file final.txt (compact mmCIF, C-alpha atoms)
# COMPACT_ATOMS: atom_id res chain seq x y z
CA MET A 46 0.00 0.00 0.00
CA GLN A 47 2.92 2.31 0.77
CA ASN A 48 4.02 2.17 -2.87
CA ALA A 49 0.57 2.77 -4.33
CA LYS A 50 0.09 5.64 -6.72
CA ARG A 51 -0.57 8.89 -4.86
CA VAL A 52 -2.81 11.81 -5.68
CA ALA A 53 -0.74 14.92 -5.04
CA THR A 54 -2.52 17.82 -3.35
CA GLY A 55 -0.22 20.47 -4.80
CA VAL A 56 0.11 22.03 -1.34
CA PRO A 57 3.85 22.46 -0.68
CA GLY A 58 4.77 20.46 2.41
CA LEU A 59 1.43 18.64 2.72
CA ASP A 60 2.25 15.93 0.20
CA ALA A 61 5.38 15.09 2.19
CA MET A 62 3.21 14.82 5.33
CA LEU A 63 0.90 12.46 3.40
CA ASN A 64 3.79 10.30 2.18
CA GLY A 65 3.30 11.58 -1.38
CA GLY A 66 -0.39 12.50 -1.42
CA PHE A 67 -3.79 10.94 -0.88
CA LEU A 68 -4.39 7.35 -1.86
CA PRO A 69 -6.57 7.07 -4.99
CA ARG A 70 -10.35 6.56 -4.59
CA THR A 71 -10.40 7.81 -1.04
CA ALA A 72 -12.50 10.35 0.86
CA ASN A 73 -10.30 12.80 2.74
CA LEU A 74 -11.61 15.11 5.41
CA VAL A 75 -10.19 18.60 5.98
CA GLU A 76 -11.65 20.15 9.10
CA GLY A 77 -11.11 23.58 10.52
CA ALA A 78 -12.61 26.79 11.85
CA PRO A 79 -13.77 29.58 9.52
CA GLY A 80 -10.83 31.26 7.82
CA THR A 81 -8.35 28.46 8.37
CA GLY A 82 -8.17 27.80 4.61
CA LYS A 83 -10.19 24.61 4.10
CA SER A 84 -11.73 25.79 0.82
CA THR A 85 -8.40 27.23 -0.33
CA LEU A 86 -6.73 23.87 0.29
CA GLY A 87 -9.54 22.19 -1.63
CA MET A 88 -9.27 24.61 -4.55
CA GLN A 89 -5.49 24.16 -4.62
CA TYR A 90 -6.07 20.40 -4.85
CA ILE A 91 -8.49 20.85 -7.75
CA TYR A 92 -6.13 23.29 -9.50
CA GLU A 93 -3.23 20.86 -9.13
CA GLY A 94 -5.40 18.20 -10.73
CA ALA A 95 -6.21 20.42 -13.71
CA ARG A 96 -2.51 21.14 -14.08
CA ARG A 97 -1.81 17.39 -14.21
CA ASP A 98 -4.69 16.78 -16.63
CA GLU A 99 -6.78 15.18 -13.88
CA PRO A 100 -10.11 17.02 -14.23
CA GLY A 101 -12.05 17.88 -11.11
CA ILE A 102 -15.48 18.85 -9.86
CA ILE A 103 -16.30 21.24 -7.04
CA LEU A 104 -19.61 20.42 -5.42
CA THR A 105 -20.74 23.40 -3.40
CA PHE A 106 -23.70 23.76 -1.07
CA GLU A 107 -24.83 27.36 -0.59
CA GLU A 108 -21.50 28.94 -1.63
CA PHE A 109 -21.97 30.54 -5.05
CA PRO A 110 -19.59 29.43 -7.84
CA GLU A 111 -18.94 33.11 -8.42
CA GLN A 112 -17.17 33.14 -5.04
CA TYR A 113 -14.82 30.34 -6.13
CA TYR A 114 -13.96 32.09 -9.40
CA ARG A 115 -13.09 35.22 -7.44
CA ASP A 116 -11.19 33.51 -4.61
CA ALA A 117 -9.23 31.32 -7.04
CA ALA A 118 -8.31 34.34 -9.16
CA ALA A 119 -6.69 35.89 -6.07
CA PHE A 120 -4.19 33.00 -6.15
CA GLY A 121 -3.71 33.24 -9.91
CA TRP A 122 -5.91 30.21 -10.68
CA ASP A 123 -8.25 30.92 -13.60
CA PHE A 124 -11.18 28.63 -12.83
CA ARG A 125 -13.36 30.09 -15.60
CA GLU A 126 -10.73 29.14 -18.15
CA LEU A 127 -10.43 25.65 -16.64
CA GLU A 128 -14.20 25.29 -17.04
CA ARG A 129 -13.89 26.30 -20.69
CA GLN A 130 -11.19 23.63 -21.11
CA ASN A 131 -13.51 21.06 -19.46
CA LYS A 132 -10.98 20.46 -16.69
CA LEU A 133 -13.29 21.79 -13.98
CA LYS A 134 -16.98 22.12 -13.24
CA ILE A 135 -18.40 23.91 -10.24
CA ILE A 136 -21.80 22.44 -9.37
CA MET A 137 -24.02 24.31 -6.96
CA SER A 138 -26.64 22.07 -5.42
CA SER A 139 -27.93 20.71 -2.13
CA PRO A 140 -27.11 17.51 -0.21
CA GLU A 141 -30.58 16.00 -0.76
CA VAL A 142 -30.53 16.57 -4.53
CA THR A 143 -26.98 15.29 -5.06
CA LYS A 144 -27.65 12.24 -2.90
CA ALA A 145 -30.75 11.34 -4.92
CA ASP A 146 -28.95 12.11 -8.18
CA LEU A 147 -25.99 9.87 -7.31
CA GLU A 148 -28.35 6.99 -6.56
CA ASN A 149 -29.74 7.24 -10.10
CA VAL A 150 -28.10 4.98 -12.68
CA GLU A 151 -27.88 7.80 -15.21
CA GLY A 152 -27.69 10.75 -12.83
CA THR A 153 -26.49 14.17 -13.94
CA ILE A 154 -23.36 14.09 -11.74
CA GLN A 155 -22.39 10.62 -12.89
CA ASN A 156 -22.81 11.67 -16.52
CA LEU A 157 -20.70 14.76 -15.92
CA ILE A 158 -17.95 12.73 -14.23
CA THR A 159 -17.88 10.32 -17.17
CA GLU A 160 -18.01 13.05 -19.80
CA MET A 161 -15.16 15.04 -18.19
CA GLY A 162 -13.14 12.05 -17.08
CA ALA A 163 -13.13 13.63 -13.62
CA GLN A 164 -10.66 12.17 -11.13
CA ARG A 165 -10.89 14.68 -8.30
CA MET A 166 -13.72 16.19 -6.32
CA LEU A 167 -14.05 18.84 -3.65
CA ILE A 168 -17.22 18.77 -1.54
CA ASP A 169 -17.51 22.09 0.25
CA SER A 170 -18.84 21.48 2.80
CA ILE A 171 -20.33 18.33 4.31
CA THR A 172 -21.51 20.32 7.33
CA HIS A 173 -24.73 20.87 5.33
CA PHE A 174 -25.55 17.16 5.53
CA GLU A 175 -26.34 17.49 9.21
CA GLY A 176 -29.78 18.85 8.36
CA LEU A 177 -30.75 15.72 6.43
CA ARG A 178 -31.09 13.28 9.33
CA GLN A 179 -31.71 13.77 13.04
CA ASP A 180 -30.51 10.33 14.07
CA PRO A 181 -26.66 10.12 14.09
CA MET A 182 -26.75 6.45 12.97
CA GLU A 183 -28.99 7.30 10.04
CA LEU A 184 -26.70 10.19 9.15
CA ARG A 185 -23.71 7.90 9.25
CA LYS A 186 -25.40 5.40 6.92
CA LEU A 187 -26.32 8.21 4.56
CA MET A 188 -22.76 9.54 4.46
CA TYR A 189 -21.36 6.04 4.00
CA SER A 190 -23.60 5.46 1.00
CA TYR A 191 -22.90 8.93 -0.42
CA LEU A 192 -19.12 8.57 -0.22
CA ASN A 193 -19.21 5.07 -1.69
CA ALA A 194 -21.26 6.33 -4.63
CA LEU A 195 -18.52 8.86 -5.34
CA LYS A 196 -15.63 6.45 -4.80
CA ARG A 197 -17.36 4.09 -7.23
CA GLN A 198 -16.74 6.77 -9.86
CA ASP A 199 -12.95 6.49 -9.24
CA LEU A 200 -12.83 9.90 -7.59
CA THR A 201 -10.38 11.00 -4.94
CA ILE A 202 -12.34 13.38 -2.78
CA ILE A 203 -11.65 16.19 -0.36
CA LEU A 204 -14.50 16.90 2.03
CA THR A 205 -14.35 20.08 4.05
CA ARG A 206 -16.03 20.41 7.39
CA GLU A 207 -16.47 23.49 9.51
CA SER A 208 -15.44 23.44 13.12
CA ALA A 209 -17.47 25.86 15.21
CA HIS A 210 -14.54 26.49 17.54
CA LEU A 211 -11.83 28.93 16.60
CA PHE A 212 -9.34 27.51 19.07
CA GLY A 213 -8.91 24.08 20.58
CA GLU A 214 -11.52 21.38 20.87
CA GLY A 215 -15.16 21.55 21.79
CA ILE A 216 -18.50 19.87 21.31
CA GLU A 217 -19.09 19.35 17.60
CA GLY A 218 -22.21 18.51 15.61
CA GLN A 219 -23.66 15.03 15.24
CA LEU A 220 -21.74 14.41 12.02
CA ASP A 221 -18.44 14.73 13.84
CA ALA A 222 -17.71 11.19 15.01
CA SER A 223 -19.28 9.55 11.96
CA ILE A 224 -17.35 11.42 9.35
CA GLN A 225 -14.04 11.11 11.15
CA PHE A 226 -14.58 7.36 11.10
CA LEU A 227 -15.76 7.19 7.50
CA ALA A 228 -13.03 9.43 6.06
CA ASP A 229 -9.84 7.71 4.90
CA THR A 230 -7.70 10.68 5.86
CA TYR A 231 -8.36 13.28 8.53
CA VAL A 232 -6.49 16.57 8.24
CA MET A 233 -7.11 19.15 10.92
CA LEU A 234 -6.47 22.89 10.57
CA ARG A 235 -6.30 24.91 13.78
CA TYR A 236 -5.65 28.40 15.05
CA VAL A 237 -3.16 28.47 17.91
CA GLU A 238 -2.11 31.35 20.10
CA ILE A 239 1.57 31.57 20.89
CA GLU A 240 2.90 34.56 22.79
CA SER A 241 -0.13 36.65 21.85
CA VAL A 242 0.22 35.90 18.14
CA VAL A 243 -2.34 33.77 16.29
CA GLN A 244 -0.68 31.14 14.12
CA ARG A 245 -2.06 28.34 12.00
CA ALA A 246 -1.38 24.66 12.66
CA ILE A 247 -1.96 21.60 10.49
CA VAL A 248 -1.86 17.96 11.51
CA VAL A 249 -2.69 14.69 9.77
CA LEU A 250 -4.53 12.76 12.46
CA LYS A 251 -5.35 9.70 10.43
CA MET A 252 -4.48 8.15 7.09
CA ARG A 253 -5.97 4.74 6.43
CA GLY A 254 -3.56 2.34 4.73
CA SER A 255 -0.55 4.61 4.83
CA ALA A 256 2.13 5.99 7.06
CA HIS A 257 2.04 9.76 7.53
CA ASP A 258 3.79 12.58 9.32
CA ASN A 259 2.52 12.90 12.89
CA THR A 260 4.02 16.28 13.66
CA ILE A 261 1.96 19.41 14.13
CA ARG A 262 3.23 21.97 11.65
CA ARG A 263 2.83 25.64 10.98
CA TYR A 264 1.30 26.69 7.70
CA GLU A 265 0.68 29.96 5.94
CA ILE A 266 -1.68 31.18 3.26
CA ASN A 267 0.28 33.30 0.83
CA THR A 268 -0.37 34.59 -2.69
CA GLN A 269 0.04 31.07 -4.09
CA GLY A 270 -2.22 29.25 -1.64
CA LEU A 271 -1.37 27.13 1.39
CA LYS A 272 2.20 26.26 2.26
CA VAL A 273 3.10 23.92 5.10
CA LEU A 274 6.10 25.04 7.15
CA GLN A 275 8.20 23.62 9.94
CA PRO A 276 6.83 21.74 13.00
CA PHE A 277 6.08 23.55 16.23
CA GLU A 278 9.05 22.94 18.46
CA GLY A 279 9.37 23.28 22.19
CA GLN A 280 5.57 23.57 22.53
CA GLU A 281 2.97 21.15 23.77
CA GLY A 282 -0.80 21.21 23.77
CA VAL A 283 -0.76 22.97 20.36
CA LEU A 284 -4.12 21.46 19.37
CA SER A 285 -5.72 22.91 22.48
CA GLY A 286 -5.24 26.30 20.85
CA ALA A 287 -3.14 27.63 23.73
CA PRO A 288 0.10 25.65 23.91
CA THR A 289 2.61 25.88 26.69
CA ARG A 290 6.37 25.69 26.52
CA MET A 291 7.57 22.17 27.16
CA SER A 292 10.03 23.51 29.72
CA ASP A 293 7.13 25.02 31.73
CA SER A 294 5.32 21.70 31.69
CA PHE A 295 8.47 19.93 32.77
CA ILE A 296 8.89 22.29 35.70
CA LYS A 297 5.21 21.87 36.67
CA ALA A 298 5.53 18.11 36.54
CA PHE A 299 8.83 17.63 38.29
CA VAL A 300 9.65 20.56 40.52
CA ARG A 301 8.39 20.28 44.09
CA ARG A 302 6.32 23.17 45.35
CA MET B 28 -51.02 54.48 -30.85
CA ARG B 29 -51.67 50.85 -29.98
CA ARG B 30 -49.62 49.15 -27.22
CA GLU B 31 -47.88 46.72 -29.64
CA ASP B 32 -46.88 49.59 -31.91
CA LEU B 33 -45.33 51.53 -29.07
CA THR B 34 -43.39 48.50 -27.79
CA ALA B 35 -42.15 47.77 -31.28
CA ARG B 36 -41.05 51.39 -31.68
CA VAL B 37 -39.02 51.37 -28.44
CA MET B 38 -37.42 48.02 -29.25
CA LYS B 39 -37.03 48.55 -33.00
CA ASP B 40 -33.28 49.17 -32.98
CA MET B 41 -32.56 46.16 -30.75
CA ASP B 42 -30.41 43.34 -32.17
CA PRO B 43 -32.95 40.85 -33.65
CA GLU B 44 -31.48 37.93 -31.71
CA LEU B 45 -31.70 39.85 -28.44
CA PHE B 46 -35.18 41.07 -29.34
CA ASP B 47 -36.25 37.46 -29.83
CA PHE B 48 -34.63 36.40 -26.55
CA VAL B 49 -36.25 39.20 -24.57
CA THR B 50 -39.72 38.72 -26.03
CA THR B 51 -39.50 34.94 -25.58
CA TYR B 52 -38.08 34.62 -22.08
CA VAL B 53 -37.95 37.90 -20.17
CA ASP B 54 -41.41 38.90 -19.06
CA SER B 55 -40.82 39.42 -15.32
CA PHE B 56 -38.11 40.64 -12.96
CA ILE B 57 -37.97 37.19 -11.33
CA LYS B 58 -37.22 35.57 -14.68
CA TRP B 59 -34.54 38.19 -15.31
CA ASP B 60 -33.01 37.35 -11.92
CA LEU B 61 -33.15 33.64 -12.68
CA LEU B 62 -31.56 34.08 -16.09
CA ARG B 63 -28.68 36.00 -14.55
CA PHE B 64 -28.41 33.45 -11.74
CA PHE B 65 -28.10 30.50 -14.15
CA HIS B 66 -25.63 32.40 -16.31
CA GLU B 67 -23.38 33.09 -13.30
CA ASN B 68 -23.87 29.62 -11.82
CA PRO B 69 -24.26 27.49 -14.96
CA HIS B 70 -23.93 24.08 -13.31
CA THR B 71 -26.56 24.63 -10.65
CA MET B 72 -28.91 21.69 -10.16
CA ASP B 73 -31.47 22.19 -7.45
CA THR B 74 -35.10 22.38 -6.41
CA SER B 75 -37.23 25.49 -6.79
CA GLU B 76 -37.22 25.96 -2.99
CA ASN B 77 -33.43 26.04 -2.84
CA ILE B 78 -33.06 28.18 -5.96
CA ALA B 79 -35.57 30.61 -4.44
CA ARG B 80 -33.40 30.81 -1.34
CA TYR B 81 -30.27 31.51 -3.41
CA ALA B 82 -32.16 34.15 -5.39
CA GLY B 83 -33.74 35.71 -2.30
CA ARG B 84 -37.29 35.30 -3.68
CA THR B 85 -40.38 33.40 -2.53
CA ALA B 86 -40.57 29.72 -3.46
CA GLU B 87 -44.03 30.05 -5.08
CA ASP B 88 -42.97 32.86 -7.41
CA VAL B 89 -39.72 31.17 -8.38
CA GLN B 90 -41.32 27.79 -9.00
CA LYS B 91 -43.82 29.30 -11.44
CA GLU B 92 -41.05 31.04 -13.40
CA LEU B 93 -38.71 28.04 -13.38
CA GLN B 94 -41.50 25.90 -14.81
CA ALA B 95 -42.14 28.49 -17.52
CA LEU B 96 -38.43 28.68 -18.46
CA ALA B 97 -38.32 24.88 -18.61
CA ARG B 98 -41.41 24.80 -20.87
CA GLN B 99 -39.73 27.41 -23.08
CA GLY B 100 -36.63 25.22 -23.41
CA LEU B 101 -34.08 27.33 -21.57
CA LEU B 102 -33.98 25.13 -18.46
CA VAL B 103 -34.34 21.40 -17.99
CA GLU B 104 -36.74 20.08 -15.37
CA THR B 105 -35.81 16.59 -14.16
CA PRO B 106 -37.57 14.37 -11.62
CA VAL B 107 -35.07 13.17 -9.00
CA GLU B 108 -36.71 10.90 -6.41
CA ASN B 109 -39.72 12.90 -5.29
CA MET B 110 -38.17 16.27 -6.22
CA ARG B 111 -38.26 18.41 -9.35
CA VAL B 112 -34.73 19.61 -10.13
CA TYR B 113 -33.91 22.50 -12.47
CA MET B 114 -30.76 22.97 -14.55
CA LEU B 115 -29.65 25.22 -17.38
CA LYS B 116 -29.92 23.44 -20.71
CA ALA B 117 -26.49 22.14 -21.74
CA ASP B 118 -26.98 23.12 -25.41
CA PRO B 119 -24.11 25.55 -26.23
CA ALA B 120 -26.39 27.59 -28.53
CA VAL B 121 -28.82 28.24 -25.66
CA ARG B 122 -25.97 29.20 -23.34
CA MET B 123 -24.52 31.55 -25.95
CA ARG B 124 -27.86 33.32 -26.31
CA LEU B 125 -28.12 33.67 -22.55
CA GLN B 126 -24.57 35.02 -22.35
CA LYS B 127 -25.36 37.55 -25.07
CA PHE B 128 -28.43 38.73 -23.15
CA VAL B 129 -26.57 39.05 -19.82
CA GLU B 130 -23.74 40.95 -21.50
CA ALA B 131 -26.24 43.26 -23.18
CA THR B 132 -27.79 44.09 -19.81
CA GLN B 133 -24.55 45.88 -18.90
CA ASP B 134 -25.88 48.68 -21.10
CA ARG B 135 -28.29 51.05 -19.36
CA GLU B 136 -30.30 51.77 -22.49
CA PHE B 137 -30.80 48.07 -23.15
CA ARG B 138 -31.95 47.55 -19.56
CA ARG B 139 -34.43 50.39 -19.96
CA LYS B 140 -35.89 48.72 -23.02
CA VAL B 141 -36.18 45.35 -21.29
CA ILE B 142 -37.93 46.99 -18.35
CA TYR B 143 -40.26 48.77 -20.73
CA HIS B 144 -41.07 45.46 -22.42
CA MET B 145 -41.76 43.77 -19.06
CA VAL B 146 -43.99 46.59 -17.84
CA ARG B 147 -46.00 46.54 -21.06
CA HIS B 148 -46.25 42.75 -21.05
call {"tool": "encode", "arguments": {"input": "final.txt", "output": "structure tokens"}}
result
Amino acid sequence: MQNAKRVATGVPGLDAMLNGGFLPRTANLVEGAPGTGKSTLGMQYIYEGARRDEPGIILTFEEFPEQYYRDAAAFGWDFRELERQNKLKIIMSSPEVTKADLENVEGTIQNLITEMGAQRMLIDSITHFEGLRQDPMELRKLMYSYLNALKRQDLTIILTRESAHLFGEGIEGQLDASIQFLADTYVMLRYVEIESVVQRAIVVLKMRGSAHDNTIRRYEINTQGLKVLQPFEGQEGVLSGAPTRMSDSFIKAFVRR
Amino acid sequence: MRREDLTARVMKDMDPELFDFVTTYVDSFIKWDLLRFFHENPHTMDTSENIARYAGRTAEDVQKELQALARQGLLVETPVENMRVYMLKADPAVRMRLQKFVEATQDREFRRKVIYHMVRH
């Protein structure tokens, strides 16, 4: 499995964390608070695909395609031109319609995937599925079936999910546990406060069937998209949002009061 | 002067293709909104309720106009499970005509004529 073909994200530093990229035909979750760059990472992934002649589809719920054209243009990615070249399609729809469409033998999305030869998909975001079912088990079954329908099309998928908490962990919605279990890879984006400065942290918490980098790394969003930087060093509790110096923890743990 | 004569006089210098598009499809502000919406978001596939939400209009009004645009061949209405889903027709000729209309609406004088046509309709 380690030597299997990889699907590169195009995010400098992230592919190394993923041992070369995502495994093909997998569903990969990117979770983070608003503004952490989930959609940017997803767009970068789709753009990288177009560059490699691996067409992609962006499935958006409630976010207007116009927004993607504009946001992508800010990074120098001409999504309108990619649409003209049939390397990208941005579909605006709703979870209930796409679910029903995917279950059809000759559904619109399936036809589009076949016609384009799409290999990549960004679903932005799966948070909207929470309204479809009240029962968490039912929701999990629904998501399982939905993701399998997409994997059946040979797609490698990024799913974004919003975290309501800007810093650290907290109580999440009912989709939380299910989707973390169903996703093949779980990438978490976090804000962290270090010495009164807000920084961004990325960690790969899970990658089914592959080794991956376990370190928590800094990342930045620059004019070319996301770029993963060096690991946080000398800090612990980074994912809590308010890390402490390891030396402070050592003193707390070992020095008698 | 009869109503038809006056409308024809105001629209007489309009490009024939645009004239045909306007008189065929654009007879209400909601339709105008929907045409612009599908031009800007050409791969939308959704129910009338959701499209109404995106357009900031009432579901009843939008449903009526979506059905009319589907009957007129600009949109496609597809049954998906127990829902009716609307999409812009994939035909490149249809999309080109829509693009030409939306581009023409950048011109104030053209907009004035379209409004005049809708009011007289």
call {"tool": "residues_near_point", "arguments": {"input": "final.txt", "point": "(-33.8, 28.1, -15.0)", "cutoff": "10 Å", "atoms": "only C-alpha atoms", "output": "ChimeraX atom specification"}}
result
/B:58,60-66,69,71-73,75,78,89-90,92-97,100-104,112-116
call {"tool": "closest_residue", "arguments": {"input": "final.txt", "among": "B:Glu76, B:Asp88, B:Asp134, B:Asp40", "to": "Val142 (chain A)", "atoms": "all atoms listed in the file"}}
result
B:Glu76
call {"tool": "interface_residues", "arguments": {"input": "final.txt", "of": "chain A", "to": "chain B", "cutoff": "6 Å", "atoms": "all atoms listed in the file", "output": "list of chain:residue names"}}
result
A:Pro110, A:Ile136, A:Met137, A:Ser138
call {"tool": "residues_around", "arguments": {"input": "final.txt", "residues": "region 175-192 of chain A", "least_positions_apart": "3", "cutoff": "12 Å", "atoms": "all atoms listed in the file", "output": "PDB file with C-alpha atoms, in the frame of the given file"}}
result
ATOM      1  CA  ARG A  70     -10.350   6.560  -4.590  1.00  0.00           C
ATOM      2  CA  THR A  71     -10.400   7.810  -1.040  1.00  0.00           C
ATOM      3  CA  ALA A  72     -12.500  10.350   0.860  1.00  0.00           C
ATOM      4  CA  ASN A  73     -10.300  12.800   2.740  1.00  0.00           C
ATOM      5  CA  LEU A  74     -11.610  15.110   5.410  1.00  0.00           C
ATOM      6  CA  SER A 139     -27.930  20.710  -2.130  1.00  0.00           C
ATOM      7  CA  PRO A 140     -27.110  17.510  -0.210  1.00  0.00           C
ATOM      8  CA  GLU A 141     -30.580  16.000  -0.760  1.00  0.00           C
ATOM      9  CA  VAL A 142     -30.530  16.570  -4.530  1.00  0.00           C
ATOM     10  CA  THR A 143     -26.980  15.290  -5.060  1.00  0.00           C
ATOM     11  CA  LYS A 144     -27.650  12.240  -2.900  1.00  0.00           C
ATOM     12  CA  ALA A 145     -30.750  11.340  -4.920  1.00  0.00           C
ATOM     13  CA  ASP A 146     -28.950  12.110  -8.180  1.00  0.00           C
ATOM     14  CA  LEU A 147     -25.990   9.870  -7.310  1.00  0.00           C
ATOM     15  CA  GLU A 148     -28.350   6.990  -6.560  1.00  0.00           C
ATOM     16  CA  ASN A 149     -29.740   7.240 -10.100  1.00  0.00           C
ATOM     17  CA  MET A 166     -13.720  16.190  -6.320  1.00  0.00           C
ATOM     18  CA  LEU A 167     -14.050  18.840  -3.650  1.00  0.00           C
ATOM     19  CA  ILE A 168     -17.220  18.770  -1.540  1.00  0.00           C
ATOM     20  CA  SER A 170     -18.840  21.480   2.800  1.00  0.00           C
ATOM     21  CA  ILE A 171     -20.330  18.330   4.310  1.00  0.00           C
ATOM     22  CA  THR A 172     -21.510  20.320   7.330  1.00  0.00           C
ATOM     23  CA  LEU A 195     -18.520   8.860  -5.340  1.00  0.00           C
ATOM     24  CA  LYS A 196     -15.630   6.450  -4.800  1.00  0.00           C
ATOM     25  CA  ARG A 197     -17.360   4.090  -7.230  1.00  0.00           C
ATOM     26  CA  GLN A 198     -16.740   6.770  -9.860  1.00  0.00           C
ATOM     27  CA  ASP A 199     -12.950   6.490  -9.240  1.00  0.00           C
ATOM     28  CA  LEU A 200     -12.830   9.900  -7.590  1.00  0.00           C
ATOM     29  CA  THR A 201     -10.380  11.000  -4.940  1.00  0.00           C
ATOM     30  CA  ILE A 202     -12.340  13.380  -2.780  1.00  0.00           C
ATOM     31  CA  ILE A 203     -11.650  16.190  -0.360  1.00  0.00           C
ATOM     32  CA  LEU A 204     -14.500  16.900   2.030  1.00  0.00           C
ATOM     33  CA  ARG A 206     -16.030  20.410   7.390  1.00  0.00           C
ATOM     34  CA  GLU A 207     -16.470  23.490   9.510  1.00  0.00           C
ATOM     35  CA  GLU A 217     -19.090  19.350  17.600  1.00  0.00           C
ATOM     36  CA  GLY A 218     -22.210  18.510  15.610  1.00  0.00           C
ATOM     37  CA  GLN A 219     -23.660  15.030  15.240  1.00  0.00           C
ATOM     38  CA  LEU A 220     -21.740  14.410  12.020  1.00  0.00           C
ATOM     39  CA  ASP A 221     -18.440  14.730  13.840  1.00  0.00           C
ATOM     40  CA  ALA A 222     -17.710  11.190  15.010  1.00  0.00           C
ATOM     41  CA  SER A 223     -19.280   9.550  11.960  1.00  0.00           C
ATOM     42  CA  ILE A 224     -17.350  11.420   9.350  1.00  0.00           C
ATOM     43  CA  GLN A 225     -14.040  11.110  11.150  1.00  0.00           C
ATOM     44  CA  PHE A 226     -14.580   7.360  11.100  1.00  0.00           C
ATOM     45  CA  LEU A 227     -15.760   7.190   7.500  1.00  0.00           C
ATOM     46  CA  ALA A 228     -13.030   9.430   6.060  1.00  0.00           C
ATOM     47  CA  ASP A 229      -9.840   7.710   4.900  1.00  0.00           C
TER      48      ASP A 229
END
call {"tool": "atom_distance", "arguments": {"input": "final.txt", "atom1": "CA of Leu234 (chain A)", "atom2": "CA of Glu76 (chain A)"}}
result
6.0 Å
call {"tool": "atom_distance", "arguments": {"input": "final.txt", "atom1": "CA of Arg125 (chain A)", "atom2": "CA of Gly101 (chain A)"}}
result
13.1 Å
call {"tool": "atom_distance", "arguments": {"input": "final.txt", "atom1": "CA of Thr159 (chain A)", "atom2": "CA of Asp123 (chain A)"}}
result
23.0 Å
